Amino acid sequence: MTFKAMLMLGATAVGALSVASGAQAADGKEVQMLHWWTSGGEAAALSVVKQALAKQGYSWKDVPVAGGGGGAAMTTLKAMVAAGNPPTASQILGYYALDYADAGKLADITPLAKTGDWAKVIPTALQKFTTVDGKWGAVPVNIHSVNWIWINKATMEKIGGAEPKNFDEFVALLDKAKKAGVVPLALGGQPWQEATMFDSIVASTGGVDFYKKAFIDLDESALKSGTMKKSFDNLAKLRDYVDPNYTGRDWNLATAMVIKGDALAQVMGDWAKGEFAAAHKEAGKDFLCYRFPGTDGSVLYNTDMFAFFQVSGDRQAAQTALAETTMSPEVQIGFNIIKGSAPARMDISDASFDTCGKKAIADIKAANAKGTFLGSLAQNYAQPPAVATAYYDVVTKFVHGQIKSSDEAVTQLVAAINSAK
């Protein structure tokens, strides 16, 4: 069944319909936003957008749907759109936005984009997801990258550790933490988190060109190669440094382990930095940020976008205000300082950002210039959701021991991706 056909069937989930009915109460001065930003750092970042709109006389109606990967939110959104009650906008990831655009469900905000010269300041790679047939239907609020490690500085000093420059040095660092009685690696045992970590492992093990060949091009020779097998071997090595209680843990709770010093490190996108900021921790003083060892010079990106849906005429002014506000330099700076991400606009100074933020901005610009700015498969920017879901399934089965060997994991990964394409 096509995505468009599913939208036309109407909503069937009772819980989703109860949320959908809220859209009917929206008025011309209300911005109704569906999102999955429910952690402390995420909520604080979103308040920057809310406050900027409040100054313009717009009220805010939250439609929060918990779940770090956004899957539950996308189910709710589908129900709302199918019921004919879309929100003013929704937080969304790339291929989902393209699906709604192809189904004719997004508003055309191209006049705003032309007035603001957005095409000149947003990386071309991101514009693939904000536009269809030259029409803008979404805007990026940030650029996240997933190939980071976050380290508690005090714990690092306690164990006498240093920045790992390659994968073997990272394993040696985790081993030091284990011998010191500290949880080496904080992980949430959820499919999207495990796949996010595996993104970095693949790029580290095979290099950025291999990552591109395997996950962007879906080259079968790369997917079934010895390098992919070694990537699963390396995933197995990291699994040995996770505490026994990781299954089902939310990502922000894993981040909290590092913030408190209960764990040395976390492999996670830079939304983790928003949690450090919410806990009043300072980059360089309380925590350290490094690119995942072996991936320096490349950026595996994820961008949070706001997709704008076709709404009645009385709700369009609020929609316009949200789009313009989101793309304003002031909001791009304020939001991303708190969120931990980099601005989606390439024309913004890094002066207000901490050391990790400055590195993120510089890395993105450099990677964008040299062709090493690549979409994260785990975050729905390398492939459509069906392929990403197949990827999740194989990786999580391997992590949790349902797939017993790296050879078997490679075989199942190839089969799952081929089936999902």
# chains A, B, ... in the order shown; residues from 1 in each chain; ligands from 1
>>> residues_around(residues="range 277-291 of chain A", least_positions_apart="6", cutoff="8 Å", atoms="only C-alpha atoms", output="list in words")
Gly40, Gly41, Ala44, Asn147, Trp148, Ile149, Trp150, Ile151, Asn152, Lys153, Ala154, Glu163, Ile259, Ile338, Gly340, Asp354, Thr355 and Cys356 of chain A
>>> select_by_dssp(residues="range 55-133 of chain A", states="helix (DSSP H, G or I)", output="JSON, numbers by chain")
{"A": [71, 72, 73, 74, 75, 76, 77, 78, 79, 80, 81, 82, 94, 95, 96, 97, 98, 99, 100, 101, 102, 110, 111, 112, 113, 114, 115, 116, 118, 119, 120, 121, 124, 125, 126, 127, 128, 129, 130]}
>>> closest_residue(among="A:Val139, A:Ile417, A:Leu34, A:Ala52", to="Thr76 in chain A", atoms="only C-alpha atoms")
A:Leu34
>>> closest_residue(among="A:Thr325, A:Thr295, A:Asn252, A:Thr124", to="Gly274 in chain A", atoms="only C-alpha atoms")
A:Asn252
>>> residues_around(residues="range 299-307 of chain A", least_positions_apart="6", cutoff="7 Å", atoms="only C-alpha atoms", output="list in words")
Ala89, Ser90, Gln91, Ile92, Leu93, Ala97, Gly137, Ala138, Val139, Pro140, Val141, Asn142, Ile143, His144, Ser145, Val146, Asn147, Asp363, Ile364, Ala367, Thr372, Phe373, Leu374, Gly375, Ser376, Gln379 and Tyr381 of chain A
>>> write_last_selection(atoms="C-alpha atoms", output="short mmCIF file (atom, residue, chain, number, x, y, z; two decimals), in the first residue's frame")
data_model
loop_
_atom_site.label_atom_id
_atom_site.label_comp_id
_atom_site.auth_asym_id
_atom_site.auth_seq_id
_atom_site.Cartn_x
_atom_site.Cartn_y
_atom_site.Cartn_z
CA ALA A 89 3.46 22.17 11.68
CA SER A 90 5.20 19.03 12.83
CA GLN A 91 8.74 18.19 13.74
CA ILE A 92 9.73 15.72 11.04
CA LEU A 93 12.68 13.86 9.53
CA ALA A 97 8.55 15.16 4.76
CA GLY A 137 7.12 22.67 2.31
CA ALA A 138 9.48 22.44 5.29
CA VAL A 139 12.32 24.30 6.99
CA PRO A 140 15.31 22.93 8.93
CA VAL A 141 15.69 24.27 12.45
CA ASN A 142 19.10 22.72 13.07
CA ILE A 143 21.84 20.37 11.94
CA HIS A 144 22.65 17.51 14.28
CA SER A 145 25.42 15.05 13.67
CA VAL A 146 25.53 11.57 15.14
CA ASN A 147 29.24 10.68 15.07
CA ASP A 363 33.06 20.46 10.94
CA ILE A 364 29.79 20.88 9.04
CA ALA A 367 32.47 18.39 5.43
CA THR A 372 31.92 14.18 3.55
CA PHE A 373 28.60 15.59 4.81
CA LEU A 374 26.44 12.47 4.64
CA GLY A 375 23.00 11.51 5.89
CA SER A 376 22.68 9.19 8.88
CA GLN A 379 18.20 9.00 11.52
CA TYR A 381 18.61 10.80 6.14
#
>>> atom_distance(atom1="CA of Ile216 in chain A", atom2="CA of Ala203 in chain A")
11.9 Å
>>> residues_around(residues="Asp99 in chain A", least_positions_apart="2", cutoff="10 Å", atoms="only C-alpha atoms", output="list in words")
Thr2, Phe3, Lys4, Gly94, Tyr95, Tyr96, Ala97, Ala101, Asp102, Ala103, Gly104, Lys105, Leu106, Phe129, Val132 and Pro384 of chain A
>>> residues_around(residues="Phe232 in chain A", least_positions_apart="6", cutoff="10 Å", atoms="only C-alpha atoms", output="VMD selection string")
chain A and resid 198 201 to 202 205 226 238 395 398 to 399 405 to 410
>>> write_last_selection(atoms="C-alpha atoms", output="CSV table (one decimal), in the first residue's frame")
chain,number,residue,atom,x,y,z
A,198,PHE,CA,26.5,1.6,14.5
A,201,ILE,CA,31.1,2.3,13.9
A,202,VAL,CA,30.7,1.7,10.1
A,205,THR,CA,35.7,0.9,10.5
A,226,GLY,CA,34.5,-8.2,5.1
A,238,LEU,CA,31.5,-2.1,22.4
A,395,VAL,CA,21.4,-4.2,14.4
A,398,PHE,CA,22.7,-8.5,16.9
A,399,VAL,CA,23.2,-6.3,20.0
A,405,SER,CA,27.6,-14.0,14.6
A,406,SER,CA,28.8,-11.1,12.5
A,407,ASP,CA,28.6,-13.3,9.4
A,408,GLU,CA,24.9,-14.0,10.1
A,409,ALA,CA,24.4,-10.3,10.8
A,410,VAL,CA,25.8,-9.3,7.4
>>> closest_residue(among="A:Ala222, A:Ala72, A:Leu112, A:Ala66", to="Thr38 in chain A", atoms="only C-alpha atoms")
A:Ala66
>>> closest_residue(among="A:Ala378, A:Met346, A:Ala107, A:Met156", to="Gly70 in chain A", atoms="only C-alpha atoms")
A:Ala378
>>> atom_distance(atom1="CA of Gly189 in chain A", atom2="CA of Phe167 in chain A")
21.2 Å
>>> atom_distance(atom1="CA of Val121 in chain A", atom2="CA of Met327 in chain A")
10.2 Å
>>> closest_residue(among="A:Lys128, A:Lys78, A:Lys135, A:Lys230", to="Ile109 in chain A", atoms="only C-alpha atoms")
A:Lys135
>>> residues_around(residues="Ile122 in chain A", least_positions_apart="5", cutoff="8 Å", atoms="only C-alpha atoms", output="PyMOL selection string")
chain A and resi 127+344-346
>>> select_by_dssp(residues="range 162-295 of chain A", states="strand (DSSP E or B)", output="list of chain:residue names")
A:Val183, A:Pro184, A:Leu185, A:Ala186, A:Gly189, A:Val242, A:Thr247, A:Ala263, A:Leu264, A:Ala265, A:Gln266, A:Val267, A:Ala283, A:Phe287, A:Leu288, A:Cys289, A:Tyr290, A:Arg291
